[in-house]
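> To be precise about what I am sending: the file is called protein_17.cif and holds mmCIF, C-alpha atoms and all ligand atoms.
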data_query
loop_
_atom_site.label_atom_id
_atom_site.label_comp_id
_atom_site.auth_asym_id
_atom_site.auth_seq_id
_atom_site.Cartn_x
_atom_site.Cartn_y
_atom_site.Cartn_z
CA MET A 1 14.76 9.72 8.48
CA GLU A 2 12.04 8.12 10.61
CA THR A 3 9.59 5.69 9.03
CA MET A 4 6.87 7.22 11.20
CA ARG A 5 6.61 9.72 14.04
CA TRP A 6 4.01 10.75 16.58
CA VAL A 7 3.51 14.53 16.49
CA ASP A 8 0.85 16.46 18.47
CA GLY A 9 -1.59 13.59 18.66
CA CYS A 10 -1.17 12.56 15.01
CA LEU A 11 0.81 9.84 13.27
CA GLU A 12 3.04 11.04 10.47
CA ILE A 13 4.03 8.31 8.02
CA LEU A 14 6.90 8.67 5.56
CA ASP A 15 5.25 7.97 2.19
CA GLN A 16 7.51 5.23 0.81
CA THR A 17 5.64 5.15 -2.49
CA LEU A 18 7.32 8.48 -3.35
CA LEU A 19 10.88 7.39 -2.51
CA PRO A 20 13.56 7.91 -3.65
CA GLY A 21 12.24 10.98 -5.50
CA LYS A 22 10.51 12.72 -2.62
CA ALA A 23 10.54 12.37 1.16
CA GLU A 24 7.10 13.46 2.35
CA TYR A 25 5.09 12.54 5.42
CA ILE A 26 1.38 11.71 5.37
CA LYS A 27 -0.41 13.22 8.36
CA CYS A 28 -2.81 10.66 9.83
CA GLU A 29 -5.44 12.20 12.09
CA GLN A 30 -7.84 9.27 11.70
CA TYR A 31 -7.18 5.57 11.85
CA THR A 32 -8.70 5.09 8.40
CA THR A 33 -5.83 7.14 6.93
CA VAL A 34 -3.44 4.64 8.54
CA CYS A 35 -5.42 1.74 7.00
CA ASP A 36 -5.06 3.37 3.56
CA ALA A 37 -1.34 4.01 4.10
CA ILE A 38 -0.77 0.33 4.95
CA CYS A 39 -2.83 -0.91 1.98
CA ARG A 40 -1.01 1.41 -0.48
CA LEU A 41 2.42 0.44 0.96
CA SER A 42 3.13 4.03 2.02
CA VAL A 43 4.25 2.25 5.17
CA ARG A 44 5.44 -1.31 4.58
CA GLY A 45 7.77 -3.97 5.94
CA ALA A 46 6.53 -6.29 8.68
CA PRO A 47 7.70 -4.50 11.88
CA ALA A 48 6.80 -1.04 10.53
CA ILE A 49 3.28 -2.21 9.65
CA GLY A 50 2.87 -3.52 13.21
CA ALA A 51 3.92 -0.21 14.79
CA ALA A 52 1.74 1.81 12.37
CA ALA A 53 -1.27 -0.37 13.19
CA ALA A 54 -0.69 0.13 16.93
CA TYR A 55 -0.67 3.91 16.44
CA GLY A 56 -3.70 3.56 14.16
CA LEU A 57 -5.57 1.90 17.01
CA VAL A 58 -4.62 4.82 19.27
CA LEU A 59 -6.02 7.30 16.72
CA GLY A 60 -9.23 5.29 16.37
CA ALA A 61 -9.65 5.03 20.15
CA ALA A 62 -8.94 8.75 20.66
CA ALA A 63 -11.81 9.73 18.38
CA LEU A 64 -14.38 7.62 20.29
CA LYS A 65 -16.85 9.27 22.65
CA PRO A 66 -18.39 6.20 24.27
CA ALA A 67 -21.16 6.12 26.85
CA GLY A 68 -19.18 3.63 28.93
CA LYS A 69 -16.15 1.38 29.07
CA ASP A 70 -17.85 -1.68 27.54
CA GLU A 71 -19.01 0.31 24.56
CA PHE A 72 -15.49 1.72 24.21
CA ILE A 73 -13.92 -1.73 24.27
CA ALA A 74 -16.33 -3.06 21.63
CA ALA A 75 -15.61 -0.08 19.35
CA VAL A 76 -11.83 -0.44 19.73
CA GLU A 77 -12.08 -4.17 18.95
CA GLN A 78 -13.86 -3.28 15.70
CA ILE A 79 -11.12 -0.76 14.81
CA ALA A 80 -8.53 -3.49 15.44
CA ARG A 81 -10.40 -5.82 13.06
CA ASN A 82 -10.45 -3.10 10.38
CA LEU A 83 -6.72 -2.49 10.78
CA SER A 84 -5.88 -6.19 10.82
CA VAL A 85 -7.36 -6.92 7.37
CA THR A 86 -5.22 -4.29 5.61
CA ARG A 87 -2.43 -6.81 4.92
CA PRO A 88 -2.66 -10.52 5.71
CA THR A 89 0.88 -11.92 5.50
CA ALA A 90 3.06 -9.93 7.91
CA VAL A 91 2.19 -11.40 11.31
CA ASN A 92 3.67 -8.37 13.09
CA LEU A 93 0.48 -6.51 12.20
CA GLN A 94 -1.74 -8.92 14.16
CA TRP A 95 0.93 -9.34 16.84
CA ALA A 96 0.96 -5.57 17.55
CA LEU A 97 -2.84 -5.34 17.53
CA ASP A 98 -3.12 -8.34 19.89
CA ARG A 99 -0.69 -6.63 22.22
CA MET A 100 -2.79 -3.43 22.15
CA LEU A 101 -5.98 -5.42 22.76
CA ARG A 102 -4.39 -7.16 25.78
CA VAL A 103 -3.77 -3.72 27.30
CA LEU A 104 -7.35 -2.79 26.54
CA HIS A 105 -8.77 -5.91 28.17
CA ASN A 106 -6.47 -5.87 31.20
CA TYR A 107 -7.23 -2.28 32.10
CA THR A 108 -9.13 -2.31 35.37
CA SER A 109 -9.86 1.38 36.03
CA GLY A 110 -13.16 2.68 34.65
CA ASN A 111 -11.63 5.81 33.17
CA VAL A 112 -11.72 5.71 29.36
CA GLU A 113 -9.52 8.81 28.95
CA ASP A 114 -6.73 7.20 31.01
CA LEU A 115 -7.13 4.02 28.97
CA LYS A 116 -6.57 6.02 25.77
CA GLU A 117 -3.30 7.32 27.24
CA THR A 118 -2.29 3.79 28.25
CA LEU A 119 -2.87 2.62 24.66
CA LEU A 120 -0.62 5.40 23.38
CA ARG A 121 2.13 4.36 25.81
CA GLU A 122 1.86 0.77 24.52
CA ALA A 123 2.18 1.93 20.89
CA HIS A 124 5.28 3.94 21.84
CA ALA A 125 6.65 0.82 23.60
CA ILE A 126 6.10 -1.34 20.48
CA TYR A 127 8.00 1.22 18.41
CA ALA A 128 10.85 1.61 20.92
CA GLU A 129 11.22 -2.15 21.40
CA ASP A 130 11.50 -2.70 17.66
CA LEU A 131 14.35 -0.21 17.53
CA GLU A 132 16.20 -2.12 20.24
CA SER A 133 15.36 -5.47 18.63
CA ASN A 134 16.96 -4.30 15.34
CA ARG A 135 20.11 -3.37 17.24
CA ARG A 136 20.30 -6.83 18.83
CA MET A 137 19.76 -8.64 15.51
CA GLY A 138 22.59 -6.56 14.08
CA GLU A 139 24.84 -7.59 16.94
CA PHE A 140 24.05 -11.32 16.59
CA GLY A 141 24.01 -11.35 12.80
CA GLU A 142 27.17 -9.37 12.21
CA LYS A 143 29.21 -12.26 13.64
CA LEU A 144 28.06 -14.46 10.75
CA VAL A 145 29.39 -12.05 8.12
CA PRO A 146 33.00 -12.59 7.02
CA THR A 147 35.33 -9.70 6.18
CA ASN A 148 35.05 -8.51 2.55
CA ALA A 149 31.72 -10.35 2.11
CA ALA A 150 29.52 -9.56 -0.87
CA ILE A 151 25.92 -9.87 0.37
CA LEU A 152 22.84 -10.29 -1.79
CA THR A 153 19.54 -9.05 -0.37
CA HIS A 154 15.98 -9.03 -1.70
CA CYS A 155 13.22 -6.43 -1.17
CA ASN A 156 13.79 -3.91 1.62
CA ALA A 157 14.30 -5.17 5.15
CA GLY A 158 15.90 -1.95 6.30
CA ALA A 159 15.26 1.11 8.42
CA LEU A 160 12.26 1.89 6.21
CA ALA A 161 10.66 -1.43 7.13
CA THR A 162 11.21 -1.05 10.88
CA ALA A 163 11.64 1.47 13.68
CA GLY A 164 15.42 1.11 13.79
CA ILE A 165 18.31 0.06 11.54
CA GLY A 166 16.37 -2.77 9.93
CA THR A 167 16.47 -6.56 10.09
CA ALA A 168 18.54 -7.84 7.12
CA LEU A 169 19.93 -4.36 6.48
CA GLY A 170 20.49 -3.99 10.23
CA VAL A 171 22.88 -6.95 10.06
CA ILE A 172 24.53 -5.39 7.00
CA ARG A 173 24.83 -2.01 8.77
CA ALA A 174 26.37 -3.69 11.84
CA ALA A 175 28.90 -5.57 9.69
CA HIS A 176 29.78 -2.32 7.91
CA GLN A 177 30.18 -0.52 11.25
CA ALA A 178 32.43 -3.34 12.45
CA GLY A 179 34.79 -2.40 9.58
CA LYS A 180 34.25 -5.62 7.62
CA ASN A 181 34.47 -3.93 4.23
CA ILE A 182 31.26 -5.54 3.02
CA SER A 183 29.38 -4.75 -0.18
CA VAL A 184 25.75 -5.27 -1.08
CA TYR A 185 23.88 -6.52 -4.13
CA ALA A 186 20.24 -5.40 -4.12
CA ASP A 187 17.61 -7.24 -6.17
CA GLU A 188 15.27 -4.64 -7.66
CA THR A 189 12.27 -6.70 -6.43
CA ARG A 190 9.49 -6.62 -8.98
CA PRO A 191 6.72 -5.60 -9.11
CA LEU A 192 6.99 -2.65 -6.71
CA LEU A 193 10.77 -2.20 -6.69
CA GLN A 194 11.40 -2.03 -2.95
CA GLY A 195 14.99 -3.09 -3.64
CA ALA A 196 15.66 -0.52 -6.38
CA ARG A 197 13.80 2.35 -4.74
CA LEU A 198 14.36 1.75 -1.02
CA THR A 199 17.29 -0.60 -0.29
CA THR A 200 19.70 1.19 -2.62
CA TRP A 201 18.49 4.55 -1.22
CA GLU A 202 19.28 3.42 2.32
CA MET A 203 22.68 2.02 1.35
CA VAL A 204 23.68 5.09 -0.67
CA GLN A 205 22.76 7.33 2.28
CA GLU A 206 24.96 5.23 4.58
CA LYS A 207 27.79 5.06 2.05
CA ILE A 208 27.65 1.27 2.03
CA PRO A 209 28.76 0.04 -1.43
CA VAL A 210 25.68 -1.21 -3.26
CA THR A 211 25.03 -2.59 -6.74
CA LEU A 212 21.52 -2.88 -8.15
CA LEU A 213 20.44 -5.82 -10.32
CA THR A 214 17.12 -6.99 -11.71
CA ASP A 215 15.66 -10.09 -10.08
CA ASN A 216 16.44 -12.36 -13.04
CA MET A 217 20.18 -11.58 -12.75
CA ALA A 218 20.69 -13.14 -9.31
CA GLY A 219 21.46 -16.64 -10.63
CA TYR A 220 24.12 -15.46 -13.05
CA LEU A 221 25.58 -13.19 -10.35
CA MET A 222 26.04 -16.23 -8.12
CA ALA A 223 27.37 -18.36 -10.99
CA CYS A 224 29.99 -15.65 -11.59
CA GLY A 225 31.15 -16.15 -7.99
CA LYS A 226 30.21 -12.60 -6.99
CA VAL A 227 28.08 -13.44 -3.91
CA ASP A 228 29.30 -14.80 -0.55
CA LEU A 229 26.00 -14.96 1.31
CA VAL A 230 22.35 -13.94 1.19
CA ILE A 231 20.44 -12.11 3.94
CA VAL A 232 16.74 -11.33 3.72
CA GLY A 233 13.98 -10.31 6.12
CA ALA A 234 10.68 -12.09 6.79
CA ASP A 235 7.00 -11.29 7.05
CA ARG A 236 6.03 -14.45 8.91
CA ILE A 237 8.00 -17.50 10.00
CA ALA A 238 6.10 -20.70 10.80
CA ALA A 239 6.99 -22.77 13.89
CA ASN A 240 9.03 -25.15 11.69
CA GLY A 241 11.17 -22.34 10.24
CA ASP A 242 9.42 -21.97 6.85
CA VAL A 243 9.79 -18.30 5.90
CA ALA A 244 7.29 -16.07 4.10
CA ASN A 245 8.98 -13.04 2.59
CA LYS A 246 8.67 -10.83 -0.49
CA ILE A 247 7.89 -12.68 -3.71
CA GLY A 248 11.13 -13.86 -5.28
CA THR A 249 12.82 -14.79 -2.00
CA TYR A 250 12.17 -18.50 -2.59
CA GLY A 251 13.95 -18.36 -5.95
CA VAL A 252 16.95 -16.67 -4.36
CA ALA A 253 17.07 -19.38 -1.67
CA VAL A 254 17.01 -22.16 -4.27
CA LEU A 255 19.82 -20.42 -6.16
CA ALA A 256 21.84 -20.01 -2.96
CA LYS A 257 21.50 -23.75 -2.28
CA GLU A 258 22.62 -24.59 -5.83
CA HIS A 259 25.71 -22.40 -5.41
CA GLY A 260 26.53 -23.56 -1.87
CA LEU A 261 25.94 -20.11 -0.35
CA PRO A 262 24.60 -19.44 3.16
CA PHE A 263 21.02 -18.14 3.13
CA TYR A 264 20.23 -16.16 6.29
CA VAL A 265 16.91 -14.71 7.43
CA ALA A 266 16.86 -11.85 9.96
CA ALA A 267 13.62 -11.29 11.84
CA PRO A 268 12.46 -10.36 15.35
CA MET A 269 10.64 -12.91 17.50
CA SER A 270 7.41 -10.98 16.76
CA THR A 271 7.65 -12.32 13.17
CA ILE A 272 7.55 -15.95 14.33
CA ASP A 273 4.05 -17.38 14.35
CA PHE A 274 4.02 -20.40 16.64
CA ASN A 275 0.31 -20.89 15.87
CA ILE A 276 1.21 -21.95 12.33
CA ALA A 277 3.01 -25.28 12.07
CA SER A 278 4.42 -24.88 8.55
CA GLY A 279 4.55 -22.46 5.65
CA GLN A 280 1.47 -24.08 4.10
CA GLY A 281 -0.65 -22.31 6.71
CA ILE A 282 0.71 -18.82 6.01
CA PRO A 283 -1.83 -16.56 4.26
CA ILE A 284 -0.31 -15.03 1.13
CA GLU A 285 -1.51 -11.63 0.02
CA ASN A 286 -2.59 -11.25 -3.60
CA ARG A 287 -2.39 -7.73 -4.90
CA ASP A 288 -3.87 -5.68 -7.73
CA ASP A 289 -3.20 -6.85 -11.32
CA ARG A 290 -2.09 -3.34 -12.29
CA GLU A 291 1.06 -3.72 -10.20
CA VAL A 292 2.17 -6.26 -12.82
CA THR A 293 0.55 -4.93 -16.00
CA CYS A 294 1.93 -1.43 -15.46
CA PHE A 295 5.48 -0.25 -14.94
CA ALA A 296 6.24 3.31 -13.79
CA GLY A 297 2.70 4.30 -14.68
CA GLN A 298 2.94 2.81 -18.20
CA GLN A 299 0.81 -0.13 -19.38
CA VAL A 300 3.28 -2.90 -20.34
CA ALA A 301 0.85 -5.78 -20.99
CA PRO A 302 -2.27 -6.15 -23.15
CA GLU A 303 -5.45 -4.77 -21.59
CA GLY A 304 -7.39 -7.51 -19.79
CA VAL A 305 -4.56 -10.09 -19.67
CA LYS A 306 -4.83 -12.60 -16.81
CA VAL A 307 -2.35 -11.83 -14.02
CA TRP A 308 -0.96 -13.70 -11.01
CA ASN A 309 0.35 -11.29 -8.37
CA PRO A 310 1.17 -12.92 -5.01
CA ALA A 311 3.10 -10.41 -2.88
CA PHE A 312 5.00 -13.09 -0.93
CA ASP A 313 6.34 -16.62 -1.26
CA VAL A 314 7.40 -19.27 1.23
CA THR A 315 10.97 -20.51 1.50
CA PRO A 316 11.04 -23.97 3.08
CA ALA A 317 13.10 -24.25 6.26
CA HIS A 318 15.55 -26.73 4.69
CA LEU A 319 16.87 -23.91 2.46
CA VAL A 320 17.49 -21.58 5.41
CA THR A 321 21.00 -21.74 6.90
CA ALA A 322 20.08 -19.80 10.06
CA ILE A 323 17.46 -17.41 11.40
CA ILE A 324 18.92 -14.34 13.10
CA THR A 325 16.47 -13.15 15.77
CA ASP A 326 16.64 -10.52 18.49
CA ARG A 327 17.19 -13.32 21.02
CA GLY A 328 20.00 -15.08 19.19
CA VAL A 329 20.67 -17.19 16.11
CA ALA A 330 18.50 -20.26 15.46
CA ARG A 331 19.83 -23.16 13.38
CA PRO A 332 17.96 -26.26 12.20
CA PRO A 333 15.96 -28.05 13.47
CA TYR A 334 13.94 -24.84 13.81
CA THR A 335 10.94 -26.38 15.53
CA GLU A 336 13.20 -26.95 18.54
CA THR A 337 15.58 -23.98 18.28
CA LEU A 338 12.94 -21.29 17.65
CA ALA A 339 10.80 -22.62 20.49
CA ALA A 340 13.84 -22.60 22.80
CA LEU A 341 14.64 -18.96 21.89
CA ALA A 342 11.03 -18.05 22.63
CA GLY A 343 11.21 -19.88 25.97
CA ARG A 344 8.37 -22.24 25.02
C1 LIG R 1 12.04 -5.98 7.99
S1 LIG R 1 10.93 -6.20 6.82
C2 LIG R 1 10.92 -7.84 6.16
C3 LIG R 1 9.84 -7.98 5.17
O1 LIG R 1 8.71 -7.32 5.62
C4 LIG R 1 10.28 -7.44 3.81
O2 LIG R 1 11.35 -8.23 3.35
C5 LIG R 1 9.12 -7.55 2.88
O3 LIG R 1 8.88 -8.60 2.30
C6 LIG R 1 8.27 -6.38 2.77
O4 LIG R 1 7.23 -6.49 1.83
P1 LIG R 1 6.32 -5.23 1.57
O5 LIG R 1 5.29 -5.74 0.60
O6 LIG R 1 7.18 -4.16 1.00
O7 LIG R 1 5.69 -4.85 2.89
#
Go ahead and render the structure in this file as structure tokens.

Amino acid sequence: METMRWVDGCLEILDQTLLPGKAEYIKCEQYTTVCDAICRLSVRGAPAIGAAAAYGLVLGAAALKPAGKDEFIAAVEQIARNLSVTRPTAVNLQWALDRMLRVLHNYTSGNVEDLKETLLREAHAIYAEDLESNRRMGEFGEKLVPTNAAILTHCNAGALATAGIGTALGVIRAAHQAGKNISVYADETRPLLQGARLTTWEMVQEKIPVTLLTDNMAGYLMACGKVDLVIVGADRIAANGDVANKIGTYGVAVLAKEHGLPFYVAAPMSTIDFNIASGQGIPIENRDDREVTCFAGQQVAPEGVKVWNPAFDVTPAHLVTAIITDRGVARPPYTETLAALAGR
């Protein structure tokens, strides 16, 4: 099932808020519908947000009837700004929009209609490249997974978060395909349950053995000797290898260190932000209090209680055993190895 698809000039987004109960697509005819879908997490996961934003820009541009090219460019830049503020942490969102804006600025012909078509081709390219990048991460990462490994993952870094087989789950899929007899433990991932709702759904569909646990069970699971390694995705990786990912990832990394387990991060190069030196510079999204005070539509905390709801945390590079990218596997010191993979 595709995370999103381009049909007759519209973007259709699989509404992940309804999974696993219902698989329904939201038809986006206007870019503002894409903005809403990103904010509500109907489409989520760093690479998927980037691709959706690129298509959103195409929809916004298509609706413009400018007097001239300069006016068109200014209007598209404003649409890009509106898309870019929907979610601040996943750098793939800004990366994809920057790539679209480069096409916009480098276009030399005066014909706005042709430019709109060129923007659509770039959005398709972003989507197609992510698919291929997932495949390569799977190929590199699978080699790190021993036969019979029990793998703990957090949140959903799977097909639903990307255009292809996923980042962390892409590695898991590749290891499964290689006949390694692996099994998966999925953290439920409070508050929005991406692990319980999405990761287990993907694994069940693929017939990969999966066991669900609540987030506070991960330490005991490791202490019982039931985990061989951890693999997670990332929303933004700083130049020094500090990793921002779904809230709770940091705790899992600390636990992995305590139990002497490898902690791997799988992410495409588009997730690495060389403009940010360390995790301290990564913007962390804070979300609505109701995500914490309510559970499955039920109020579970007193009305008006103070809430802290950061959607992501930062795992320091020293807790990360290796970063599996689409260009190869980086090991510490990440400042050097990530730059080398990027050819910088
Ligand atoms: C391949 S996706 C990696 C990350 O984006 C994923 O682990 C994650 O944290 C997603 O958070 P979400 O808030 O669901 O967008």
> Which distance in Å separates CA of Val184 (chain A) and CA of Ile151 (chain A), to one decimal?
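Calculated distance between CA of Val184 (chain A) and CA of Ile151 (chain A) is 4.8 Å.
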> Give as an NGL selection string every residue, naming chains and numbers as the document does, that has an atom within 10 Å of (15.7, 3.6, -2.4), counting all atoms listed in the file.
:A and (16 or 18-21 or 156 or 160 or 188 or 193-205)
> Go ahead and compute the interatomic distance for atom O2 of ligand LIG 1 (chain R) and CA of Val300 (chain A), in Å to one decimal.
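It comes out at 25.6 Å.
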> Find, counting all atoms listed in the file, the residue in A:Ser278, A:Thr325, A:Gln298, A:Thr162 that gets nearest to ligand LIG 1 (chain R).
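Nearest candidate to ligand LIG 1 (chain R) out of A:Ser278, A:Thr325, A:Gln298, A:Thr162: A:Thr162.
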> Tell me which of A:Ala123, A:Ile38, A:Ala63, A:Leu101 sits closest to Arg87 (chain A), counting only C-alpha atoms.
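Checking each candidate against Arg87 (chain A), we get A:Ile38 as the closest.
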> With only C-alpha atoms as the basis for distance, which of A:Val243, A:Ala53, A:Ala339, A:Ile13 is at the shortest distance from Arg327 (chain A)?
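With only C-alpha atoms as the atom set, the closest residue is A:Ala339.
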> Using 8 Å as the limit and counting only C-alpha atoms and all ligand atoms, can you tabulate each residue of chain A that touches ligand LIG 1 (chain R), with its shortest atom-to-atom distance in Å and the two atoms involved, as CSV?

residue,atom,partner,partner_atom,distance
A:Leu41,CA,R:LIG1,O7,6.5
A:Val43,CA,R:LIG1,O7,7.6
A:Arg44,CA,R:LIG1,O7,3.9
A:Gly45,CA,R:LIG1,O1,3.5
A:Ala46,CA,R:LIG1,O1,3.9
A:Pro47,CA,R:LIG1,C1,6.0
A:Ala48,CA,R:LIG1,S1,7.6
A:Ile49,CA,R:LIG1,O7,7.6
A:Ala90,CA,R:LIG1,O1,6.6
A:His154,CA,R:LIG1,O2,6.9
A:Cys155,CA,R:LIG1,O2,5.2
A:Asn156,CA,R:LIG1,O2,5.3
A:Ala157,CA,R:LIG1,C1,3.7
A:Gly158,CA,R:LIG1,C1,5.8
A:Ala159,CA,R:LIG1,C1,7.8
A:Ala161,CA,R:LIG1,S1,4.8
A:Thr162,CA,R:LIG1,C1,5.8
A:Gly166,CA,R:LIG1,C1,5.7
A:Thr167,CA,R:LIG1,C1,4.9
A:Ala168,CA,R:LIG1,C1,6.8
A:Leu192,CA,R:LIG1,O6,7.9
A:Gln194,CA,R:LIG1,O6,6.2
A:Val232,CA,R:LIG1,O2,6.2
A:Gly233,CA,R:LIG1,C2,3.9
A:Ala234,CA,R:LIG1,C2,4.3
A:Asp235,CA,R:LIG1,O1,4.6
A:Ala244,CA,R:LIG1,O3,7.8
A:Asn245,CA,R:LIG1,O3,4.5
A:Lys246,CA,R:LIG1,O3,3.6
A:Ile247,CA,R:LIG1,O3,7.3
A:Ala266,CA,R:LIG1,C1,7.8
A:Ala267,CA,R:LIG1,C1,6.7
A:Ala311,CA,R:LIG1,O5,6.2
A:Phe312,CA,R:LIG1,O3,6.8
> Counting all atoms listed in the file, which residue out of A:Pro268, A:Gly251, A:Pro262, A:Gly279 sits closest to Ala238 (chain A)?
A:Gly279
> If I only have part of region 61-76 of chain A, can you fill in N, CA and C atoms and write it as a PDB file, in the coordinates of the input?

ATOM      1  N   ALA A  61      -9.122   4.986  18.771  1.00  0.00           N
ATOM      2  CA  ALA A  61      -9.650   5.030  20.150  1.00  0.00           C
ATOM      3  C   ALA A  61      -9.836   6.479  20.596  1.00  0.00           C
ATOM      4  N   ALA A  62      -8.885   7.347  20.218  1.00  0.00           N
ATOM      5  CA  ALA A  62      -8.940   8.750  20.660  1.00  0.00           C
ATOM      6  C   ALA A  62     -10.188   9.451  20.160  1.00  0.00           C
ATOM      7  N   ALA A  63     -10.657   9.044  18.983  1.00  0.00           N
ATOM      8  CA  ALA A  63     -11.810   9.730  18.380  1.00  0.00           C
ATOM      9  C   ALA A  63     -13.140   9.253  18.967  1.00  0.00           C
ATOM     10  N   LEU A  64     -13.123   8.191  19.780  1.00  0.00           N
ATOM     11  CA  LEU A  64     -14.380   7.620  20.290  1.00  0.00           C
ATOM     12  C   LEU A  64     -14.908   8.445  21.466  1.00  0.00           C
ATOM     13  N   LYS A  65     -16.221   8.588  21.500  1.00  0.00           N
ATOM     14  CA  LYS A  65     -16.850   9.270  22.650  1.00  0.00           C
ATOM     15  C   LYS A  65     -17.902   8.307  23.209  1.00  0.00           C
ATOM     16  N   PRO A  66     -17.467   7.258  23.865  1.00  0.00           N
ATOM     17  CA  PRO A  66     -18.390   6.200  24.270  1.00  0.00           C
ATOM     18  C   PRO A  66     -19.215   6.574  25.509  1.00  0.00           C
ATOM     19  N   ALA A  67     -20.343   5.908  25.656  1.00  0.00           N
ATOM     20  CA  ALA A  67     -21.160   6.120  26.850  1.00  0.00           C
ATOM     21  C   ALA A  67     -20.520   5.436  28.047  1.00  0.00           C
ATOM     22  N   GLY A  68     -19.803   4.358  27.819  1.00  0.00           N
ATOM     23  CA  GLY A  68     -19.180   3.630  28.930  1.00  0.00           C
ATOM     24  C   GLY A  68     -18.016   2.797  28.446  1.00  0.00           C
ATOM     25  N   LYS A  69     -17.368   2.118  29.418  1.00  0.00           N
ATOM     26  CA  LYS A  69     -16.150   1.380  29.070  1.00  0.00           C
ATOM     27  C   LYS A  69     -16.443   0.188  28.136  1.00  0.00           C
ATOM     28  N   ASP A  70     -17.551  -0.506  28.370  1.00  0.00           N
ATOM     29  CA  ASP A  70     -17.850  -1.680  27.540  1.00  0.00           C
ATOM     30  C   ASP A  70     -18.068  -1.290  26.082  1.00  0.00           C
ATOM     31  N   GLU A  71     -18.761  -0.177  25.923  1.00  0.00           N
ATOM     32  CA  GLU A  71     -19.010   0.310  24.560  1.00  0.00           C
ATOM     33  C   GLU A  71     -17.676   0.706  23.899  1.00  0.00           C
ATOM     34  N   PHE A  72     -16.817   1.318  24.704  1.00  0.00           N
ATOM     35  CA  PHE A  72     -15.490   1.720  24.210  1.00  0.00           C
ATOM     36  C   PHE A  72     -14.697   0.495  23.751  1.00  0.00           C
ATOM     37  N   ILE A  73     -14.684  -0.524  24.605  1.00  0.00           N
ATOM     38  CA  ILE A  73     -13.920  -1.730  24.270  1.00  0.00           C
ATOM     39  C   ILE A  73     -14.433  -2.367  22.980  1.00  0.00           C
ATOM     40  N   ALA A  74     -15.748  -2.445  22.846  1.00  0.00           N
ATOM     41  CA  ALA A  74     -16.330  -3.060  21.630  1.00  0.00           C
ATOM     42  C   ALA A  74     -15.936  -2.247  20.391  1.00  0.00           C
ATOM     43  N   ALA A  75     -15.949  -0.929  20.517  1.00  0.00           N
ATOM     44  CA  ALA A  75     -15.610  -0.080  19.350  1.00  0.00           C
ATOM     45  C   ALA A  75     -14.126  -0.224  18.998  1.00  0.00           C
ATOM     46  N   VAL A  76     -13.268  -0.297  20.018  1.00  0.00           N
ATOM     47  CA  VAL A  76     -11.830  -0.440  19.730  1.00  0.00           C
ATOM     48  C   VAL A  76     -11.553  -1.815  19.099  1.00  0.00           C
TER      49      VAL A  76
END
